[in-house]
Amino acid sequence: MTTTWTAAALSQDVPAGTAAPGRLGDRDLAIWRSASGKIAAWADRCPHRGMRLSHGFVRGEALSCIYHGWRYGQTGQCIKIPAHPGLEPPDAIRVPAFAVAEASGVIWVADGAPATAPPAFEGFTGFRSLQVDAPASVVAEALGGKGDAIRAALGPTPAVALIQPLGPDRSGLHLLAPLSAAPEALDALSVAAEDLRRRAEAGQKGRAA
Ligand code: FES
């Protein structure tokens with residue numbers, strides 16, 4: 001169980017009324033945002049027949065499975081089974097939900113109840129996420145730092161890099177940029193991020209050879 005927060009996605013990548021896949025450790029997540037903007041992170045598996053809920057569709061404050069349309073409310077409780085419109089779904093039909101919070105334009109998830117709020121990075125907000133075919137330690141090394149939250153200058157632009165382990169050979173890299181950054185600075189950051197990815201993946205290939 002991870003009772004610490006993990007950066008799972010950027011807020012901008014899960015707009016209102018959408019669902020997206022995510023990861024927490026070795027578990028697949030369905031991260032979705034209701035029409036009013038509430039964020040949720042659930043196990044990515046419908047209790048009915050196991051369809052991925054990240055493929056589902058949001059209507060108002062509920063998420064529906066794309067297969068047979070079972071509908072789930074914010075807490076993960078099943079609230080409607082279209083094939084049995086007169087049935088009140090039993091309490092036991094519920095999708096496991098994870099702790100979720102947003103700070104600095106990042107969606108943070110945790111298993112359990114972390115004792116503190118997720119970190120906030122004053123003056124920065126979510127800019128871009130990339131997947132890197134290299135472990136978290138190699139990505140950190142390419143950034144010239146240690147740990148899973150590194151302040152780095154990528155090209156000429158200061159950034160915060162949040163590294164999410166996605167397996168032995170894969171990582172998520174969530175980049176935060178200064179709120180005040182000009183469009184040219186963001187373009188430069190994007191180019192530097194791609195370069196960083198290439199270097200990390202080349203370094204990983206070199207280790208494996
Ligand atoms: S698998 Fe989800 S409603 Fe049937």
# chains A, B, ... in the order shown; residues from 1 in each chain; ligands from 1

$ residues_around --residues "Ile39 (chain A)" --least-positions-apart "2" --cutoff "10 Å" --atoms "only C-alpha atoms" --output "list in words"
Ser11, Val14, Pro15, Ala16, Gly17, Thr18, Ala19, Ile31, Trp32, Arg33, Ser34, Ala35, Ser36, Gly37, Ala41, Glu61, Gln74, Val100, Ala101, Glu102 and Ile107 of chain A

$ write_last_selection --atoms "N, CA and C atoms" --output "CSV table (one decimal), in the first residue's frame"
chain,number,residue,atom,x,y,z
A,11,SER,N,-3.6,17.9,-14.3
A,11,SER,CA,-5.1,18.3,-14.3
A,11,SER,C,-5.6,18.7,-15.7
A,14,VAL,N,-7.1,15.9,-17.9
A,14,VAL,CA,-8.4,15.2,-17.5
A,14,VAL,C,-9.4,16.3,-17.4
A,15,PRO,N,-9.9,16.9,-18.5
A,15,PRO,CA,-10.9,18.0,-18.4
A,15,PRO,C,-12.2,17.5,-17.9
A,16,ALA,N,-13.1,18.4,-17.5
A,16,ALA,CA,-14.4,18.0,-17.0
A,16,ALA,C,-15.1,17.2,-18.1
A,17,GLY,N,-15.8,16.1,-17.6
A,17,GLY,CA,-16.6,15.3,-18.4
A,17,GLY,C,-15.8,14.2,-19.2
A,18,THR,N,-14.5,13.9,-18.7
A,18,THR,CA,-13.7,12.9,-19.4
A,18,THR,C,-13.1,11.9,-18.4
A,19,ALA,N,-12.7,10.8,-18.9
A,19,ALA,CA,-12.0,9.7,-18.2
A,19,ALA,C,-10.7,9.4,-18.9
A,31,ILE,N,-9.0,7.5,-14.1
A,31,ILE,CA,-9.1,8.8,-13.5
A,31,ILE,C,-10.1,9.6,-14.3
A,32,TRP,N,-11.1,10.2,-13.6
A,32,TRP,CA,-12.2,10.9,-14.3
A,32,TRP,C,-12.6,12.1,-13.6
A,33,ARG,N,-13.2,13.0,-14.4
A,33,ARG,CA,-13.6,14.3,-13.8
A,33,ARG,C,-15.1,14.5,-14.2
A,34,SER,N,-15.9,14.8,-13.2
A,34,SER,CA,-17.3,15.0,-13.4
A,34,SER,C,-17.6,16.3,-14.1
A,35,ALA,N,-18.8,16.5,-14.5
A,35,ALA,CA,-19.2,17.8,-15.2
A,35,ALA,C,-18.9,19.0,-14.4
A,36,SER,N,-19.1,18.8,-13.1
A,36,SER,CA,-18.9,20.0,-12.2
A,36,SER,C,-17.4,20.1,-11.8
A,37,GLY,N,-16.5,19.2,-12.2
A,37,GLY,CA,-15.1,19.4,-12.0
A,37,GLY,C,-14.5,18.5,-10.9
A,41,ALA,N,-10.3,8.8,-8.7
A,41,ALA,CA,-9.4,7.8,-9.2
A,41,ALA,C,-9.8,6.5,-8.7
A,61,GLU,N,-22.4,13.8,-12.9
A,61,GLU,CA,-21.5,13.5,-11.8
A,61,GLU,C,-21.3,12.0,-11.7
A,74,GLN,N,-19.9,9.2,-7.5
A,74,GLN,CA,-18.6,9.7,-7.1
A,74,GLN,C,-17.8,8.8,-6.2
A,100,VAL,N,-7.5,11.0,-3.8
A,100,VAL,CA,-7.1,11.8,-5.0
A,100,VAL,C,-7.1,13.3,-4.5
A,101,ALA,N,-6.2,14.1,-5.0
A,101,ALA,CA,-6.2,15.5,-4.7
A,101,ALA,C,-5.4,16.2,-5.8
A,102,GLU,N,-5.6,17.5,-5.9
A,102,GLU,CA,-5.0,18.3,-7.0
A,102,GLU,C,-4.2,19.4,-6.3
A,107,ILE,N,-2.5,15.9,-10.7
A,107,ILE,CA,-3.5,15.0,-10.0
A,107,ILE,C,-2.6,14.0,-9.2

$ closest_atom_pairs --of "chain A" --to "ligand 1" --cutoff "8 Å" --atoms "only C-alpha atoms and all ligand atoms" --output "Markdown table"
| residue | atom | partner | partner_atom_place_in_ligand_line | distance |
| --- | --- | --- | --- | --- |
| A:Arg45 | CA | ligand 1 | 2 (Fe) | 7.9 |
| A:Cys46 | CA | ligand 1 | 2 (Fe) | 4.7 |
| A:Pro47 | CA | ligand 1 | 2 (Fe) | 6.6 |
| A:His48 | CA | ligand 1 | 1 (S) | 4.6 |
| A:Arg49 | CA | ligand 1 | 1 (S) | 3.8 |
| A:Gly50 | CA | ligand 1 | 1 (S) | 5.1 |
| A:Met51 | CA | ligand 1 | 1 (S) | 4.6 |
| A:Arg52 | CA | ligand 1 | 2 (Fe) | 7.7 |
| A:Leu53 | CA | ligand 1 | 2 (Fe) | 7.4 |
| A:Ser64 | CA | ligand 1 | 3 (S) | 7.6 |
| A:Cys65 | CA | ligand 1 | 2 (Fe) | 4.6 |
| A:Ile66 | CA | ligand 1 | 2 (Fe) | 6.5 |
| A:Tyr67 | CA | ligand 1 | 4 (Fe) | 4.9 |
| A:His68 | CA | ligand 1 | 3 (S) | 3.8 |
| A:Gly69 | CA | ligand 1 | 3 (S) | 4.8 |
| A:Trp70 | CA | ligand 1 | 3 (S) | 4.3 |
| A:Arg71 | CA | ligand 1 | 3 (S) | 7.7 |
| A:Ile81 | CA | ligand 1 | 3 (S) | 7.7 |

$ write_last_selection --atoms "N, CA, C and O atoms" --output "PDB file, in the first residue's frame"
ATOM      1  N   ARG A  45     -11.490  -1.184 -13.511  1.00  0.00           N
ATOM      2  CA  ARG A  45     -12.123  -2.475 -13.783  1.00  0.00           C
ATOM      3  C   ARG A  45     -13.569  -2.419 -13.324  1.00  0.00           C
ATOM      4  O   ARG A  45     -13.861  -2.183 -12.144  1.00  0.00           O
ATOM      5  N   CYS A  46     -14.469  -2.600 -14.256  1.00  0.00           N
ATOM      6  CA  CYS A  46     -15.894  -2.578 -13.923  1.00  0.00           C
ATOM      7  C   CYS A  46     -16.244  -3.828 -13.113  1.00  0.00           C
ATOM      8  O   CYS A  46     -15.876  -4.948 -13.504  1.00  0.00           O
ATOM      9  N   PRO A  47     -16.975  -3.682 -11.998  1.00  0.00           N
ATOM     10  CA  PRO A  47     -17.336  -4.852 -11.195  1.00  0.00           C
ATOM     11  C   PRO A  47     -18.234  -5.838 -11.944  1.00  0.00           C
ATOM     12  O   PRO A  47     -18.363  -6.984 -11.512  1.00  0.00           O
ATOM     13  N   HIS A  48     -18.866  -5.413 -13.048  1.00  0.00           N
ATOM     14  CA  HIS A  48     -19.740  -6.326 -13.761  1.00  0.00           C
ATOM     15  C   HIS A  48     -18.917  -7.390 -14.490  1.00  0.00           C
ATOM     16  O   HIS A  48     -18.826  -8.517 -14.038  1.00  0.00           O
ATOM     17  N   ARG A  49     -18.289  -7.033 -15.594  1.00  0.00           N
ATOM     18  CA  ARG A  49     -17.502  -8.043 -16.323  1.00  0.00           C
ATOM     19  C   ARG A  49     -16.093  -7.585 -16.643  1.00  0.00           C
ATOM     20  O   ARG A  49     -15.461  -8.073 -17.574  1.00  0.00           O
ATOM     21  N   GLY A  50     -15.616  -6.611 -15.883  1.00  0.00           N
ATOM     22  CA  GLY A  50     -14.197  -6.300 -15.945  1.00  0.00           C
ATOM     23  C   GLY A  50     -13.759  -5.327 -17.026  1.00  0.00           C
ATOM     24  O   GLY A  50     -12.558  -5.122 -17.207  1.00  0.00           O
ATOM     25  N   MET A  51     -14.699  -4.731 -17.755  1.00  0.00           N
ATOM     26  CA  MET A  51     -14.299  -3.729 -18.764  1.00  0.00           C
ATOM     27  C   MET A  51     -13.541  -2.582 -18.096  1.00  0.00           C
ATOM     28  O   MET A  51     -13.822  -2.225 -16.951  1.00  0.00           O
ATOM     29  N   ARG A  52     -12.610  -1.993 -18.826  1.00  0.00           N
ATOM     30  CA  ARG A  52     -11.871  -0.843 -18.286  1.00  0.00           C
ATOM     31  C   ARG A  52     -12.807   0.363 -18.149  1.00  0.00           C
ATOM     32  O   ARG A  52     -13.407   0.792 -19.147  1.00  0.00           O
ATOM     33  N   LEU A  53     -12.882   0.907 -16.954  1.00  0.00           N
ATOM     34  CA  LEU A  53     -13.744   2.078 -16.745  1.00  0.00           C
ATOM     35  C   LEU A  53     -13.127   3.345 -17.341  1.00  0.00           C
ATOM     36  O   LEU A  53     -13.832   4.325 -17.570  1.00  0.00           O
ATOM     37  N   SER A  64     -20.157   6.031 -16.449  1.00  0.00           N
ATOM     38  CA  SER A  64     -20.826   4.819 -16.925  1.00  0.00           C
ATOM     39  C   SER A  64     -19.841   3.935 -17.674  1.00  0.00           C
ATOM     40  O   SER A  64     -19.019   4.427 -18.449  1.00  0.00           O
ATOM     41  N   CYS A  65     -19.960   2.645 -17.455  1.00  0.00           N
ATOM     42  CA  CYS A  65     -19.140   1.669 -18.180  1.00  0.00           C
ATOM     43  C   CYS A  65     -19.621   1.612 -19.630  1.00  0.00           C
ATOM     44  O   CYS A  65     -20.823   1.624 -19.906  1.00  0.00           O
ATOM     45  N   ILE A  66     -18.653   1.508 -20.539  1.00  0.00           N
ATOM     46  CA  ILE A  66     -19.017   1.548 -21.961  1.00  0.00           C
ATOM     47  C   ILE A  66     -19.635   0.221 -22.431  1.00  0.00           C
ATOM     48  O   ILE A  66     -20.272   0.169 -23.484  1.00  0.00           O
ATOM     49  N   TYR A  67     -19.514  -0.834 -21.643  1.00  0.00           N
ATOM     50  CA  TYR A  67     -19.957  -2.145 -22.121  1.00  0.00           C
ATOM     51  C   TYR A  67     -21.480  -2.315 -21.960  1.00  0.00           C
ATOM     52  O   TYR A  67     -22.226  -2.364 -22.944  1.00  0.00           O
ATOM     53  N   HIS A  68     -21.956  -2.372 -20.714  1.00  0.00           N
ATOM     54  CA  HIS A  68     -23.397  -2.555 -20.501  1.00  0.00           C
ATOM     55  C   HIS A  68     -24.022  -1.359 -19.791  1.00  0.00           C
ATOM     56  O   HIS A  68     -25.181  -1.427 -19.381  1.00  0.00           O
ATOM     57  N   GLY A  69     -23.237  -0.299 -19.634  1.00  0.00           N
ATOM     58  CA  GLY A  69     -23.792   0.959 -19.141  1.00  0.00           C
ATOM     59  C   GLY A  69     -24.020   1.051 -17.648  1.00  0.00           C
ATOM     60  O   GLY A  69     -24.695   1.994 -17.197  1.00  0.00           O
ATOM     61  N   TRP A  70     -23.472   0.133 -16.849  1.00  0.00           N
ATOM     62  CA  TRP A  70     -23.635   0.292 -15.401  1.00  0.00           C
ATOM     63  C   TRP A  70     -23.055   1.647 -15.006  1.00  0.00           C
ATOM     64  O   TRP A  70     -21.966   2.039 -15.464  1.00  0.00           O
ATOM     65  N   ARG A  71     -23.784   2.343 -14.148  1.00  0.00           N
ATOM     66  CA  ARG A  71     -23.402   3.721 -13.812  1.00  0.00           C
ATOM     67  C   ARG A  71     -22.933   3.784 -12.355  1.00  0.00           C
ATOM     68  O   ARG A  71     -23.564   3.182 -11.470  1.00  0.00           O
ATOM     69  N   ILE A  81     -28.313   0.145 -13.091  1.00  0.00           N
ATOM     70  CA  ILE A  81     -28.054  -0.970 -14.008  1.00  0.00           C
ATOM     71  C   ILE A  81     -29.122  -0.897 -15.094  1.00  0.00           C
ATOM     72  O   ILE A  81     -30.283  -1.221 -14.863  1.00  0.00           O
TER      73      ILE A  81
END

$ select_by_dssp --residues "region 11-209 of chain A" --states "helix (DSSP H, G or I)" --output "compact mmCIF listing (two decimals) with all heavy atoms, in the first residue's frame"
# COMPACT_ATOMS: atom_id res chain seq x y z
N SER A 11 -3.64 17.93 -14.30
CA SER A 11 -5.06 18.31 -14.26
C SER A 11 -5.58 18.66 -15.66
O SER A 11 -6.70 18.31 -16.02
CB SER A 11 -5.24 19.53 -13.33
OG SER A 11 -4.83 19.21 -12.03
N GLN A 12 -4.76 19.32 -16.44
CA GLN A 12 -5.20 19.77 -17.77
C GLN A 12 -5.49 18.59 -18.71
O GLN A 12 -6.21 18.74 -19.70
CB GLN A 12 -4.13 20.66 -18.41
CG GLN A 12 -2.85 19.92 -18.71
CD GLN A 12 -1.72 20.82 -19.22
OE1 GLN A 12 -1.79 22.03 -19.10
NE2 GLN A 12 -0.69 20.24 -19.79
N ASP A 13 -4.94 17.42 -18.39
CA ASP A 13 -5.13 16.25 -19.26
C ASP A 13 -6.39 15.46 -18.93
O ASP A 13 -6.70 14.47 -19.61
CB ASP A 13 -3.89 15.34 -19.21
CG ASP A 13 -2.67 16.03 -19.83
OD1 ASP A 13 -2.87 16.90 -20.69
OD2 ASP A 13 -1.53 15.71 -19.44
N LEU A 53 -12.88 0.91 -16.95
CA LEU A 53 -13.74 2.08 -16.75
C LEU A 53 -13.13 3.35 -17.34
O LEU A 53 -13.83 4.33 -17.57
CB LEU A 53 -14.03 2.26 -15.25
CG LEU A 53 -14.98 1.20 -14.69
CD1 LEU A 53 -14.98 1.24 -13.16
CD2 LEU A 53 -16.39 1.39 -15.23
N SER A 54 -11.82 3.32 -17.60
CA SER A 54 -11.20 4.49 -18.25
C SER A 54 -11.70 4.65 -19.69
O SER A 54 -11.49 5.69 -20.31
CB SER A 54 -9.68 4.38 -18.24
OG SER A 54 -9.26 3.16 -18.84
N HIS A 55 -12.37 3.61 -20.24
CA HIS A 55 -13.01 3.73 -21.55
C HIS A 55 -14.45 4.19 -21.42
O HIS A 55 -15.17 4.30 -22.42
CB HIS A 55 -13.01 2.38 -22.27
CG HIS A 55 -11.64 1.89 -22.63
ND1 HIS A 55 -11.39 0.60 -23.05
CD2 HIS A 55 -10.44 2.51 -22.61
CE1 HIS A 55 -10.10 0.44 -23.28
NE2 HIS A 55 -9.50 1.60 -23.02
N ALA A 136 12.85 5.04 -13.31
CA ALA A 136 12.83 6.35 -12.66
C ALA A 136 14.24 6.81 -12.29
O ALA A 136 14.56 8.00 -12.42
CB ALA A 136 11.93 6.28 -11.42
N SER A 137 15.09 5.89 -11.85
CA SER A 137 16.44 6.29 -11.42
C SER A 137 17.24 6.86 -12.59
O SER A 137 18.02 7.82 -12.43
CB SER A 137 17.18 5.09 -10.81
OG SER A 137 17.25 4.04 -11.77
N VAL A 138 17.04 6.30 -13.79
CA VAL A 138 17.78 6.79 -14.98
C VAL A 138 17.24 8.16 -15.39
O VAL A 138 18.01 9.05 -15.78
CB VAL A 138 17.67 5.76 -16.13
CG1 VAL A 138 18.24 6.32 -17.42
CG2 VAL A 138 18.39 4.47 -15.74
N VAL A 139 15.93 8.34 -15.29
CA VAL A 139 15.35 9.66 -15.63
C VAL A 139 15.88 10.71 -14.64
O VAL A 139 16.27 11.83 -15.04
CB VAL A 139 13.81 9.60 -15.59
CG1 VAL A 139 13.22 10.97 -15.89
CG2 VAL A 139 13.30 8.57 -16.61
N ALA A 140 15.93 10.36 -13.36
CA ALA A 140 16.43 11.31 -12.35
C ALA A 140 17.88 11.67 -12.65
O ALA A 140 18.28 12.83 -12.56
CB ALA A 140 16.29 10.69 -10.96
N GLU A 141 18.65 10.67 -13.02
CA GLU A 141 20.07 10.90 -13.33
C GLU A 141 20.19 11.86 -14.52
O GLU A 141 21.01 12.78 -14.52
CB GLU A 141 20.71 9.56 -13.66
CG GLU A 141 22.21 9.55 -13.63
CD GLU A 141 22.73 8.14 -13.90
OE1 GLU A 141 22.38 7.22 -13.14
OE2 GLU A 141 23.45 7.97 -14.89
N ALA A 142 19.36 11.65 -15.55
CA ALA A 142 19.41 12.53 -16.74
C ALA A 142 19.02 13.96 -16.37
O ALA A 142 19.46 14.91 -17.01
CB ALA A 142 18.48 11.98 -17.83
N LEU A 143 18.21 14.09 -15.32
CA LEU A 143 17.82 15.42 -14.86
C LEU A 143 18.87 16.03 -13.92
O LEU A 143 18.76 17.18 -13.52
CB LEU A 143 16.48 15.35 -14.11
CG LEU A 143 15.23 15.28 -14.97
CD1 LEU A 143 14.07 14.68 -14.19
CD2 LEU A 143 14.86 16.67 -15.48
N PRO A 183 5.38 32.05 -24.06
CA PRO A 183 5.22 30.94 -24.99
C PRO A 183 6.55 30.40 -25.52
O PRO A 183 6.72 29.19 -25.66
CB PRO A 183 4.37 31.54 -26.12
CG PRO A 183 3.62 32.65 -25.48
CD PRO A 183 4.51 33.18 -24.40
N GLU A 184 7.53 31.31 -25.79
CA GLU A 184 8.82 30.83 -26.31
C GLU A 184 9.54 29.98 -25.26
O GLU A 184 10.22 29.00 -25.60
CB GLU A 184 9.74 32.00 -26.69
CG GLU A 184 9.11 33.09 -27.54
CD GLU A 184 8.26 34.05 -26.73
OE1 GLU A 184 8.81 34.73 -25.85
OE2 GLU A 184 7.04 34.10 -26.99
N ALA A 185 9.40 30.36 -23.99
CA ALA A 185 10.05 29.59 -22.92
C ALA A 185 9.41 28.20 -22.81
O ALA A 185 10.10 27.21 -22.57
CB ALA A 185 9.94 30.34 -21.59
N LEU A 186 8.09 28.15 -23.01
CA LEU A 186 7.41 26.85 -22.97
C LEU A 186 7.82 25.98 -24.16
O LEU A 186 8.00 24.77 -24.03
CB LEU A 186 5.90 27.04 -22.93
CG LEU A 186 5.37 27.72 -21.65
CD1 LEU A 186 3.87 27.95 -21.74
CD2 LEU A 186 5.71 26.89 -20.41
N ASP A 187 7.97 26.62 -25.32
CA ASP A 187 8.45 25.87 -26.49
C ASP A 187 9.84 25.29 -26.21
O ASP A 187 10.12 24.13 -26.53
CB ASP A 187 8.53 26.78 -27.73
CG ASP A 187 7.16 27.14 -28.27
OD1 ASP A 187 6.18 26.47 -27.85
OD2 ASP A 187 7.06 28.07 -29.08
N ALA A 188 10.70 26.11 -25.63
CA ALA A 188 12.07 25.65 -25.32
C ALA A 188 12.03 24.51 -24.30
O ALA A 188 12.80 23.54 -24.40
CB ALA A 188 12.90 26.82 -24.78
N LEU A 189 11.12 24.60 -23.35
CA LEU A 189 11.00 23.54 -22.34
C LEU A 189 10.56 22.23 -22.98
O LEU A 189 11.05 21.15 -22.65
CB LEU A 189 10.00 23.98 -21.26
CG LEU A 189 9.73 22.99 -20.13
CD1 LEU A 189 11.01 22.59 -19.42
CD2 LEU A 189 8.74 23.60 -19.13
N SER A 190 9.63 22.34 -23.92
CA SER A 190 9.15 21.15 -24.62
C SER A 190 10.29 20.47 -25.38
O SER A 190 10.46 19.24 -25.34
CB SER A 190 8.05 21.58 -25.59
OG SER A 190 7.05 20.61 -25.62
N VAL A 191 11.09 21.27 -26.08
CA VAL A 191 12.22 20.73 -26.85
C VAL A 191 13.22 20.07 -25.89
O VAL A 191 13.72 18.96 -26.13
CB VAL A 191 12.91 21.85 -27.67
CG1 VAL A 191 14.22 21.36 -28.26
CG2 VAL A 191 11.97 22.34 -28.76
N ALA A 192 13.49 20.75 -24.77
CA ALA A 192 14.45 20.21 -23.80
C ALA A 192 13.92 18.91 -23.18
O ALA A 192 14.69 17.99 -22.90
CB ALA A 192 14.73 21.24 -22.71
N ALA A 193 12.61 18.84 -22.99
CA ALA A 193 12.02 17.62 -22.40
C ALA A 193 12.17 16.44 -23.36
O ALA A 193 12.50 15.33 -22.95
CB ALA A 193 10.55 17.86 -22.08
N GLU A 194 11.96 16.69 -24.65
CA GLU A 194 12.14 15.61 -25.65
C GLU A 194 13.59 15.15 -25.67
O GLU A 194 13.89 13.97 -25.79
CB GLU A 194 11.73 16.10 -27.04
CG GLU A 194 10.26 16.42 -27.21
CD GLU A 194 9.37 15.18 -27.21
OE1 GLU A 194 9.91 14.06 -27.23
OE2 GLU A 194 8.15 15.35 -27.15
N ASP A 195 14.50 16.13 -25.56
CA ASP A 195 15.92 15.80 -25.55
C ASP A 195 16.27 14.96 -24.31
O ASP A 195 17.01 13.98 -24.40
CB ASP A 195 16.74 17.10 -25.58
CG ASP A 195 18.22 16.81 -25.62
OD1 ASP A 195 18.65 16.08 -26.53
OD2 ASP A 195 18.95 17.27 -24.71
N LEU A 196 15.70 15.35 -23.19
CA LEU A 196 15.92 14.60 -21.95
C LEU A 196 15.43 13.16 -22.12
O LEU A 196 16.09 12.20 -21.71
CB LEU A 196 15.18 15.27 -20.80
CG LEU A 196 15.23 14.49 -19.50
CD1 LEU A 196 16.46 14.89 -18.70
CD2 LEU A 196 14.00 14.67 -18.67
N ARG A 197 14.25 13.00 -22.72
CA ARG A 197 13.72 11.65 -22.93
C ARG A 197 14.68 10.82 -23.79
O ARG A 197 14.98 9.67 -23.47
CB ARG A 197 12.35 11.72 -23.60
CG ARG A 197 11.90 10.34 -24.08
CD ARG A 197 10.43 10.21 -24.29
NE ARG A 197 9.90 11.11 -25.29
CZ ARG A 197 8.60 11.18 -25.57
NH1 ARG A 197 7.73 10.45 -24.93
NH2 ARG A 197 8.18 12.01 -26.50
N ARG A 198 15.17 11.43 -24.88
CA ARG A 198 16.10 10.70 -25.76
C ARG A 198 17.35 10.29 -24.99
O ARG A 198 17.83 9.16 -25.11
CB ARG A 198 16.48 11.56 -26.97
CG ARG A 198 15.48 11.49 -28.12
CD ARG A 198 16.04 12.12 -29.37
NE ARG A 198 16.20 13.56 -29.23
CZ ARG A 198 15.21 14.43 -29.44
NH1 ARG A 198 14.03 14.03 -29.83
NH2 ARG A 198 15.41 15.72 -29.28
N ARG A 199 17.87 11.21 -24.18
CA ARG A 199 19.10 10.90 -23.44
C ARG A 199 18.86 9.78 -22.42
O ARG A 199 19.67 8.87 -22.28
CB ARG A 199 19.62 12.16 -22.73
CG ARG A 199 20.37 13.09 -23.66
CD ARG A 199 21.07 14.21 -22.91
NE ARG A 199 20.13 15.21 -22.43
CZ ARG A 199 19.90 15.50 -21.16
NH1 ARG A 199 20.55 14.85 -20.21
NH2 ARG A 199 19.04 16.43 -20.83
N ALA A 200 17.74 9.86 -21.72
CA ALA A 200 17.44 8.82 -20.72
C ALA A 200 17.26 7.47 -21.39
O ALA A 200 17.77 6.44 -20.91
CB ALA A 200 16.19 9.21 -19.94
N GLU A 201 16.56 7.45 -22.53
CA GLU A 201 16.32 6.17 -23.20
C GLU A 201 17.61 5.63 -23.81
O GLU A 201 17.86 4.42 -23.78
CB GLU A 201 15.22 6.33 -24.27
CG GLU A 201 13.86 6.59 -23.60
CD GLU A 201 12.72 6.76 -24.59
OE1 GLU A 201 13.00 6.93 -25.80
OE2 GLU A 201 11.56 6.72 -24.15
N ALA A 202 18.46 6.53 -24.34
CA ALA A 202 19.75 6.08 -24.87
C ALA A 202 20.62 5.53 -23.75
O ALA A 202 21.28 4.50 -23.89
CB ALA A 202 20.45 7.23 -25.59
N GLY A 203 20.59 6.21 -22.58
CA GLY A 203 21.37 5.75 -21.44
C GLY A 203 20.90 4.37 -20.98
O GLY A 203 21.70 3.50 -20.64
N GLN A 204 19.59 4.16 -21.00
CA GLN A 204 19.04 2.88 -20.59
C GLN A 204 19.44 1.78 -21.56
O GLN A 204 19.81 0.68 -21.15
CB GLN A 204 17.50 2.99 -20.49
CG GLN A 204 16.79 1.70 -20.15
CD GLN A 204 17.23 1.15 -18.79
OE1 GLN A 204 17.92 1.79 -18.02
NE2 GLN A 204 16.85 -0.09 -18.51
N LYS A 205 19.38 2.11 -22.87
CA LYS A 205 19.78 1.11 -23.88
C LYS A 205 21.25 0.74 -23.68
O LYS A 205 21.65 -0.41 -23.80
CB LYS A 205 19.56 1.65 -25.30
CG LYS A 205 18.12 1.48 -25.75
CD LYS A 205 17.99 1.74 -27.23
CE LYS A 205 16.52 1.81 -27.62
NZ LYS A 205 16.18 2.96 -28.42
N GLY A 206 22.09 1.78 -23.41
CA GLY A 206 23.51 1.54 -23.19
C GLY A 206 23.74 0.60 -22.02
O GLY A 206 24.61 -0.28 -22.06
N ARG A 207 22.95 0.76 -20.94
CA ARG A 207 23.10 -0.11 -19.77
C ARG A 207 22.70 -1.54 -20.10
O ARG A 207 23.28 -2.49 -19.62
CB ARG A 207 22.19 0.38 -18.63
CG ARG A 207 22.74 1.53 -17.87
CD ARG A 207 21.68 1.96 -16.84
NE ARG A 207 22.20 2.90 -15.90
CZ ARG A 207 22.31 4.20 -16.12
NH1 ARG A 207 21.94 4.70 -17.28
NH2 ARG A 207 22.79 5.01 -15.19
N ALA A 208 21.65 -1.66 -20.93
CA ALA A 208 21.11 -2.99 -21.22
C ALA A 208 22.00 -3.75 -22.21
O ALA A 208 21.96 -4.98 -22.28
CB ALA A 208 19.68 -2.88 -21.78

$ residues_around --residues "Ala117 (chain A)" --least-positions-apart "2" --cutoff "10 Å" --atoms "only C-alpha atoms" --output "number ranges by chain"
A: 4-5, 101-103, 108, 113-115, 119-120

$ write_last_selection --atoms "N, CA, C and O atoms" --output "compact mmCIF listing (two decimals), in the first residue's frame"
# COMPACT_ATOMS: atom_id res chain seq x y z
N THR A 4 1.73 7.38 0.48
CA THR A 4 2.25 8.67 0.06
C THR A 4 1.64 9.01 -1.30
O THR A 4 1.22 8.13 -2.05
N TRP A 5 1.63 10.28 -1.60
CA TRP A 5 1.03 10.74 -2.86
C TRP A 5 1.94 10.41 -4.04
O TRP A 5 3.15 10.55 -3.96
N ALA A 101 -6.18 14.06 -5.01
CA ALA A 101 -6.15 15.49 -4.69
C ALA A 101 -5.41 16.20 -5.82
O ALA A 101 -4.65 15.57 -6.57
N GLU A 102 -5.65 17.50 -5.93
CA GLU A 102 -4.96 18.28 -6.98
C GLU A 102 -4.19 19.44 -6.34
O GLU A 102 -4.70 20.09 -5.42
N ALA A 103 -2.99 19.66 -6.82
CA ALA A 103 -2.18 20.79 -6.37
C ALA A 103 -1.21 21.15 -7.48
O ALA A 103 -0.65 20.25 -8.13
N TRP A 108 -2.80 13.98 -7.91
CA TRP A 108 -2.04 13.09 -7.02
C TRP A 108 -2.98 12.00 -6.54
O TRP A 108 -4.15 12.27 -6.20
N ALA A 113 -4.80 6.75 3.27
CA ALA A 113 -5.08 8.16 3.58
C ALA A 113 -3.78 8.83 4.01
O ALA A 113 -3.38 8.74 5.17
N PRO A 114 -3.07 9.49 3.09
CA PRO A 114 -1.83 10.16 3.47
C PRO A 114 -2.06 11.18 4.59
O PRO A 114 -3.12 11.82 4.64
N ALA A 115 -1.06 11.31 5.46
CA ALA A 115 -1.20 12.20 6.62
C ALA A 115 -1.12 13.67 6.24
O ALA A 115 -1.56 14.54 6.99
N PRO A 119 2.26 17.70 -2.26
CA PRO A 119 3.12 18.88 -2.35
C PRO A 119 2.58 19.91 -3.33
O PRO A 119 1.96 19.55 -4.34
N ALA A 120 2.81 21.17 -3.02
CA ALA A 120 2.46 22.25 -3.94
C ALA A 120 3.75 22.97 -4.30
O ALA A 120 4.65 23.09 -3.47

$ select_by_dssp --residues "region 120-149 of chain A" --states "strand (DSSP E or B)" --output "list of chain:residue names"
A:Phe124, A:Thr125, A:Gly126, A:Phe127, A:Arg128, A:Ser129, A:Leu130, A:Gln131, A:Val132, A:Ala149

$ closest_residue --among "A:Ala83, A:Ala92, A:Val160, A:Ala9" --to "Gly145 (chain A)" --atoms "only C-alpha atoms"
A:Val160

$ atom_distance --atom1 "CA of Ala30 (chain A)" --atom2 "CA of Leu162 (chain A)"
20.1 Å

$ residues_around --residues "Ala159 (chain A)" --least-positions-apart "6" --cutoff "9 Å" --atoms "only C-alpha atoms" --output "list in words"
Phe124, Ile150, Arg151, Ala152, Ala153, Leu175, Leu176, Ala177, Pro178 and Leu189 of chain A

$ atom_distance --atom1 "CA of Asp44 (chain A)" --atom2 "CA of Pro82 (chain A)"
20.3 Å
